[in-house]
Number of protein chains: 4
Amino acid sequence: MQFASDNTGPAHPKVMEAMLRANEGYAMGYGADPLMNEVHERMCDLFETPQAAVHLVINGTTANSLLLATLAKPWDAIFCTQMSHIEEDEGNAPEFFSGGAKLHLIPAENARMTPDDLRSAIEAQGNRGVHGPQRGPVSITQATETGTIYSLEQIKALTDVARSCGLKTHLDGARFANAMVRLGCSAAEMTTHAGIDAISFGGTKNGLIGVEACVLLDPEKAFEFEMRRKRAGHLLSKHRYLSAQMLAYLTDDLWIDMAQAANAASDRLRLGMAQMSDVHIHDDPASNLFFASFPRAAHKRLHDAGAVYYTWGDVEDGPADALIRGRFVTNWSTSETEVDQFLDILAGG
Amino acid sequence: MQFASDNTGPAHPKVMEAMLRANEGYAMGYGADPLMNEVHERMCDLFETPQAAVHLVINGTTANSLLLATLAKPWDAIFCTQMSHIEEDEGNAPEFFSGGAKLHLIPAENARMTPDDLRSAIEAQGNRGVHGPQRGPVSITQATETGTIYSLEQIKALTDVARSCGLKTHLDGARFANAMVRLGCSAAEMTTHAGIDAISFGGTKNGLIGVEACVLLDPEKAFEFEMRRKRAGHLLSKHRYLSAQMLAYLTDDLWIDMAQAANAASDRLRLGMAQMSDVHIHDDPASNLFFASFPRAAHKRLHDAGAVYYTWGDVEDGPADALIRGRFVTNWSTSETEVDQFLDILAGG
Amino acid sequence: MQFASDNTGPAHPKVMEAMLRANEGYAMGYGADPLMNEVHERMCDLFETPQAAVHLVINGTTANSLLLATLAKPWDAIFCTQMSHIEEDEGNAPEFFSGGAKLHLIPAENARMTPDDLRSAIEAQGNRGVHGPQRGPVSITQATETGTIYSLEQIKALTDVARSCGLKTHLDGARFANAMVRLGCSAAEMTTHAGIDAISFGGTKNGLIGVEACVLLDPEKAFEFEMRRKRAGHLLSKHRYLSAQMLAYLTDDLWIDMAQAANAASDRLRLGMAQMSDVHIHDDPASNLFFASFPRAAHKRLHDAGAVYYTWGDVEDGPADALIRGRFVTNWSTSETEVDQFLDILAGG
Amino acid sequence: MQFASDNTGPAHPKVMEAMLRANEGYAMGYGADPLMNEVHERMCDLFETPQAAVHLVINGTTANSLLLATLAKPWDAIFCTQMSHIEEDEGNAPEFFSGGAKLHLIPAENARMTPDDLRSAIEAQGNRGVHGPQRGPVSITQATETGTIYSLEQIKALTDVARSCGLKTHLDGARFANAMVRLGCSAAEMTTHAGIDAISFGGTKNGLIGVEACVLLDPEKAFEFEMRRKRAGHLLSKHRYLSAQMLAYLTDDLWIDMAQAANAASDRLRLGMAQMSDVHIHDDPASNLFFASFPRAAHKRLHDAGAVYYTWGDVEDGPADALIRGRFVTNWSTSETEVDQFLDILAGG
């Protein structure tokens with residue numbers, strides 16, 4: 001009953017097999033390994049952009065920060081929601097990598113920004129000459145930090161606002177696959193054709209050991225990106241082990257299968273919980289993550305039974321019916337058994 | 001005949017097995033995995049400092065930059081040799097991580113700095129009040145970038161100079177094990193007992209997939225280090241895979257065995273080359289890396305036979321006896337066969 | 001009728017005389033001039049802290065940024081209101097000087113933050129271990145950006161919250177004197193005795209050519225501050241001209257006289273406007289600055305007559321009674337004549 | 001007998017008069033004052049480049065750092081001599097402003113770099129792909145830090161090397177006028193026509209209170225420069241006082257007259273000293289600054305008589321004939337009387 005994060009689960013066996021296969025003999029380092037050529041081709045196909053600049057890094061914070069630093073000037077404001085990962089959970093990494101750009105926070109509805117709010121935020125910046133921050137890139141998260149997802153129309157509406165102001169849009173896709181399979185669209189439909197310029201294409205939360213692809217659909221700034229990666233210590237010498245993971249991910253739809261499994265487990269858990277009268281599901285989650293509130297007494301039972309998830313509220317003390325908010329994240333390896341066991345205990349079993 | 005770098009070889013099978021074992025079930029992320037506790041204990045034993053702050057990162061550039069940024073103020077000069085990796089091969093990472101500290105270059109004899117040169121360099125800084133850079137930490141590399149090693153007395157003499165000026169000393173140990181086994185000393189003798197304060201303890205070049213330990217013998221700045229690692233994107237969510245590698249490395253003397261194997265292959269290659277009249281070995285290398293010069297004609301034979309190594313000089317054009325300088329690096333997996341084959345071809349075979 | 005900013009007016013004649021006096025013969029540079037010794041003594045008396053670290057810089061952005069960078073770590077969040085000068089009008093200078101700290105914006109009532117909102121904001125940070133930004137200093141502005149002022153009790157209540165969380169408080173005193181004379185208190189009462197730790201003590205907006213004092217009541221980080229000033233290019237070689245201005249400012253209550261004159265002019269203007277039925281004064285301003293709304297037709301009359309002030313709203317187009325918001329700032333040299341002329345025109349004259 | 005620095009002397013009376021004239025009534029801030037328009041025109045005329053981007057800042061460290069940060073990427077190496085002001089006396093400001101660029105030091109002959117050494121230095125960088133720093137701008141100082149000057153041919157030879165490698169050249173002209181009047185050339189001949197791209201045009205050391213012009217001959221990066229200036233706190237609100245100084249400087253050849261006076265005083269002092277058998281003049285100085293060595297006993301006489309200058313060597317202790325090295329800097333206000341008095345005492349009087 002481990003629902004703390006999709007990064008607490010194991011990597012997929014096929015990924016480990018690919019690591020073993022990659023561990024044969026010599027390979028040139030720093031991205032010059034033959035596997036990386038294949039990854040590049042696959043990614044260009046995926047995004048239907050033959051010349052995209054594609055680089056691998058070890059995690060999402062790095063992918064987001066490197067891409068945003070490449071898109072933003074140090075005196076810019078980057079537009080994102082108040083609950084975005086880049087604001088809340090990256091220890092000021094975007095500020096560090098960009099040399100001091102500012103995150104301009106936009107109110108969120110179910111963790112999504114609206115085109116109107118985005119336009120208002122943009123208009124509130126860049127109107128004081130050199131005195132205020134300048135308008136920089138927009139960053140959205142798909143699936144969002146509360147498990148909701150943007151429709152293709154919603155993404156397009158946001159990138160339209162950004163483009164009408166001359167701004168680029170970055171997509172934090174730490175849970176890219178989870179959103180994509182739910183929308184039933186292609187990767188290119190969710191990005192290239194929706195007006196996105198740069199993508200943090202997540203793999204770590206979806207069954208890899210630790211790899212994300214940084215995709216710049218326009219390769220103009222590819223060299224700048226490479227220098228930013230190098231001087232941030234994120235160019236790996238034994239790069240083949242990153243390539244191998246990503247190649248396995250993209251082979252035989254493994255990434256899609258894993259996302260579907262994680263989403264299905266989340267659905268089973270969420271729908272099971274929603275049927276209980278004293279449980280409230282927040283927002284309208286549609287990926288492999290959701291927030292729910294339920295009585296402290298239920299939490300205590302779950303906790304004592306070894307269930308693991310993040311909580312907000314006073315779990316130690318207070319009335320039995322005080323509401324505790326929990327975050328539940330499933331991953332490709334989550335079993336129906338552990339979901340059902342959890343539901344049983346929550347139901348009072 | 002792959003001698004380009006010790007990072008072009010594979011990881012050791014025992015390391016891969018440890019990765020597979022680590023890939024079972026759930027594990028808390030971000031360094032809270034149980035394996036990391038073991039790594040910490042082992043490292044404290046190794047350095048005979050029960051409370052050392054030990055953190056894992058993915059490569060040497062990161063280890064060096066994070067440790068130096070923790071030891072240096074942005075307005076400091078960091079003292080290192082003119083051929084140090086931090087100066088030449090890290091794309092200004094130390095400057096980036098430290099917020100703009102300066103590297104003060106010291107002349108090198110066989111890639112080692114001397115205590116006198118270090119003292120002169122320190123005295124040339126920090127004597128102009130607030131106008132010039134202030135005196136910051138000293139960074140030495142063991143084994144050095146040309147394959148030479150410092151004796152324990154030489155290290156002690158340098159840290160004595162540093163301490164007499166109130167400065168800390170960092171050791172770039174990308175090839176820590178290769179130097180240590182040659183000196184026949186313990187890890188603590190080469191560091192803790194020799195006056196070193198912070199160590200980049202390398203694993204990547206010596207048979208791992210990609211892990212280095214950052215060791216602060218005095219844990220006072222441990223939290224600062226953690227925040228620096230986090231905001232640089234170097235805290236891994238699925239941290240267990242770093243811990244597993246490092247634990248395998250330290251188990252049953254695997255790291256020592258691999259360093260000895262690499263050194264032995266280097267000796268066989270170097271001594272074989274040294275017997276040839278038209279080959280000149282540079283410096284006095286004693287680890288798994290050396291530079292040698294030999295006629296262009298010999299290089300051409302080697303190149304045509306598929307030998308790989310970095311070269312300096314005009315390999316395309318010029319007289320057959322023009323000297324080409326090559327860098328030769330062996331690793332734990334280098335076979336006697338490929339060494340002997342190389343020597344045969346070099347000898348004109 | 002110049003009400004655009006208090007930095008559009010001239011310096012006081014006594015300041016210019018002090019500049020001329022300072023321009024005699026030789027003086028050691030970089031703050032070693034004898035006048036600076038006097039400034040330091042006066043400032044220590046003023047803040048009733050014998051050992052305060054006092055340094056002069058050329059403007060408020062610099063004073064704020066250097067002090068905040070000295071108080072904050074790069075991975076911290078700095079707490080300030082959403083309309084603070086450091087957020088809106090300094091071109092990301094606080095982020096630049098601090099190496100990437102984040103500004104955490106707090107809602108404001110009449111441009112003041114409340115202790116409850118401050119406490120909520122602090123509690124919302126620093127609770128995600130190394131993943132989120134850490135809690136850094138609080139920065140408040142006195143008088144605020146809309147002309148309101150904090151009472152001594154209000155300041156104390158905020159610094160109590162900060163101290164209870166182990167945080168320092170910075171006071172942006174670009175209009176320090178305007179607030180102080182209105183409160184009828186001493187400089188120390190508004191800072192040292194109210195729990196403030198660092199002060200940007202403004203002079204530029206109050207009759208100087210361009211000088212602010214940076215005051216660290218605890219001198220522990222004085223040297224760090226000096227190095228930050230130096231490497232930011234803010235240590236002046238011919239420093240005597242800064243000292244001379246600040247010394248003249250503090251002599252014979254010149255700074256107090258100028259602030260009273262500016263406030264009196266603002267009162268005359270504001271009270272005059274408040275009597276008109278179609279004018280609305282915003283917030284509860286009490287310094288030399290306020291915002292007011294009035295019909296577009298009135299704005300047009302004023303503009304045609306040469307009145308200068310910043311506006312928000314469509315001044316070019318729209319109905320005559322559409323409301324235009326204007327910002328009005330007086331300075332020590334504002335004459336009753338220009339105020340009365342303005343009021344006449346506004347009244348329809 | 002004050003020869004410590006040209007920044008210890010007073011500003012010229014005409015400059016103070018200009019300050020008083022500027023102190024009348026209102027003027028828009030932040031560079032929008034009418035005087036700045038005149039300055040811009042004059043500077044464009046001076047450099048024979050109608051569209052140069054010209055911005056005023058308060059000192060040379062700032063001018064150098066802002067211009068170099070505009071020309072260099074954070075991952076670049078900036079080429080300069082080992083004794084350049086940007087390396088030795090700016091407290092890592094160039095590294096700070098540029099976001100971590102590295103200064104690559106070039107050996108100097110009489111403080112000048114040679115085209116051959118420059119070419120070697122450039123070729124030693126940028127040849128390791130993304131691993132090493134990339135090639136950035138060249139920075140030369142005219143007049144140099146030891147008082148020597150580059151001929152027009154020497155400047156041209158250096159910029160030819162830079163341009164052949166695709167690099168820009170910056171001229172640190174803290175003592176621009178002193179060099180120019182000695183060469184008997186125009187400002188444009190020493191810059192625009194000699195291949196220079198960016199100029200720190202000094203005024204502070206040559207009779208101003210504190211102003212330098214930052215000149216980008218190609219205005220392409222003008223806005224970037226403005227944002228860099230703003231976020232570094234170097235955009236002055238009451239900008240008219242900078243404009244007034246620079247305008248006075250350029251009016252009626254005041255700047256040329258002051259430089260000639262300073263050079264003449266330096267010549268009188270240097271030639272007088274050179275006639276003494278126990279005095280040695282270093283390098284081949286030709287501006288208003290030089291280094292000389294002379295016996296400790298002579299230094300003691302001078303010091304006791306109140307002469308002020310920087311020294312190297314043990315002035316406190318040692319034999320009477322031990323050589324002390326002193327730096328002597330004259331300024332526009334240096335009198336023949338003080339020079340002659342100094343020479344008398346040095347001669348044993």
# chains A, B, ... in the order shown; residues from 1 in each chain; ligands from 1

$ residues_around --residues "Ser333 of chain C" --least-positions-apart "4" --cutoff "10 Å" --atoms "only C-alpha atoms" --output "number ranges by chain"
C: 6, 9-12, 206-207, 258, 261-262, 265; D: 25-26

$ write_last_selection --atoms "N, CA and C atoms" --output "mmCIF file, in the first residue's frame"
data_model
loop_
_atom_site.group_PDB
_atom_site.id
_atom_site.type_symbol
_atom_site.label_atom_id
_atom_site.label_comp_id
_atom_site.auth_asym_id
_atom_site.auth_seq_id
_atom_site.Cartn_x
_atom_site.Cartn_y
_atom_site.Cartn_z
ATOM 1 N N ASP C 6 9.283 61.719 -6.384
ATOM 2 C CA ASP C 6 10.159 62.554 -5.561
ATOM 3 C C ASP C 6 11.600 62.489 -6.039
ATOM 4 N N GLY C 9 12.716 65.961 -8.474
ATOM 5 C CA GLY C 9 13.052 67.275 -7.939
ATOM 6 C C GLY C 9 14.547 67.453 -7.739
ATOM 7 N N PRO C 10 14.947 68.661 -7.420
ATOM 8 C CA PRO C 10 16.368 68.955 -7.239
ATOM 9 C C PRO C 10 16.860 68.513 -5.864
ATOM 10 N N ALA C 11 18.185 68.484 -5.720
ATOM 11 C CA ALA C 11 18.775 68.281 -4.398
ATOM 12 C C ALA C 11 18.701 69.598 -3.638
ATOM 13 N N HIS C 12 18.764 69.503 -2.331
ATOM 14 C CA HIS C 12 18.683 70.713 -1.507
ATOM 15 C C HIS C 12 19.980 71.522 -1.646
ATOM 16 N N ASN C 206 14.517 62.123 -0.832
ATOM 17 C CA ASN C 206 14.272 63.184 0.140
ATOM 18 C C ASN C 206 15.352 64.261 0.086
ATOM 19 N N GLY C 207 15.720 64.667 -1.136
ATOM 20 C CA GLY C 207 16.545 65.855 -1.260
ATOM 21 C C GLY C 207 18.022 65.661 -1.502
ATOM 22 N N MET C 258 13.096 68.434 5.384
ATOM 23 C CA MET C 258 12.694 68.135 4.004
ATOM 24 C C MET C 258 11.513 67.178 3.977
ATOM 25 N N ALA C 261 8.403 69.042 4.871
ATOM 26 C CA ALA C 261 7.949 69.881 3.757
ATOM 27 C C ALA C 261 7.235 69.038 2.695
ATOM 28 N N ALA C 262 7.818 67.904 2.388
ATOM 29 C CA ALA C 262 7.202 67.044 1.364
ATOM 30 C C ALA C 262 5.848 66.528 1.844
ATOM 31 N N ALA C 265 3.227 69.334 1.740
ATOM 32 C CA ALA C 265 2.759 69.580 0.373
ATOM 33 C C ALA C 265 1.784 68.485 -0.053
ATOM 34 N N GLY D 25 15.208 73.014 -10.663
ATOM 35 C CA GLY D 25 13.878 72.531 -11.028
ATOM 36 C C GLY D 25 13.799 71.036 -11.229
ATOM 37 N N TYR D 26 12.844 70.641 -12.063
ATOM 38 C CA TYR D 26 12.552 69.227 -12.251
ATOM 39 C C TYR D 26 13.257 68.665 -13.478
#

$ select_by_dssp --residues "segment 9-255 of chain D" --states "strand (DSSP E or B)" --output "MDAnalysis selection string"
chainID D and resid 53:57 76:81 102:106 109 112 134:141 169:173 198:202 212:216

$ interface_residues --of "chain B" --to "chain C" --cutoff "8 Å" --atoms "only C-alpha atoms" --output "PyMOL selection string"
chain B and resi 75+99+130-131+226-228+230-231

$ residues_around --residues "segment 337-347 of chain D" --least-positions-apart "4" --cutoff "6 Å" --atoms "only C-alpha atoms" --output "list of chain:residue names"
D:Met1, D:Leu269, D:Ala298

$ atom_distance --atom1 "atom CA of Ser164 of chain D" --atom2 "atom CA of Thr49 of chain D"
22.2 Å

$ select_by_dssp --residues "segment 113-236 of chain C" --states "alpha helix (DSSP H)" --output "PyMOL selection string"
chain C and resi 115-124+152-164+176-183+187-190+222-231

$ residues_around --residues "Ala248 of chain D" --least-positions-apart "2" --cutoff "7 Å" --atoms "only C-alpha atoms" --output "count of residues only"
8

$ residues_around --residues "Glu109 of chain A" --least-positions-apart "6" --cutoff "12 Å" --atoms "only C-alpha atoms" --output "list in words"
Thr81, Gln82, Met83, Pro115, Asp116, Asp117, Thr144, Glu145, Thr146, Thr148, Ile149, Tyr150, His282, Asp283 and Asp284 of chain A

$ residues_around --residues "segment 271-279 of chain C" --least-positions-apart "5" --cutoff "7 Å" --atoms "only C-alpha atoms" --output "list in words"
Ala292, Ser293, Phe294, Pro295 and Leu343 of chain C

$ atom_distance --atom1 "atom CA of Arg268 of chain B" --atom2 "atom CA of Asn178 of chain B"
15.0 Å
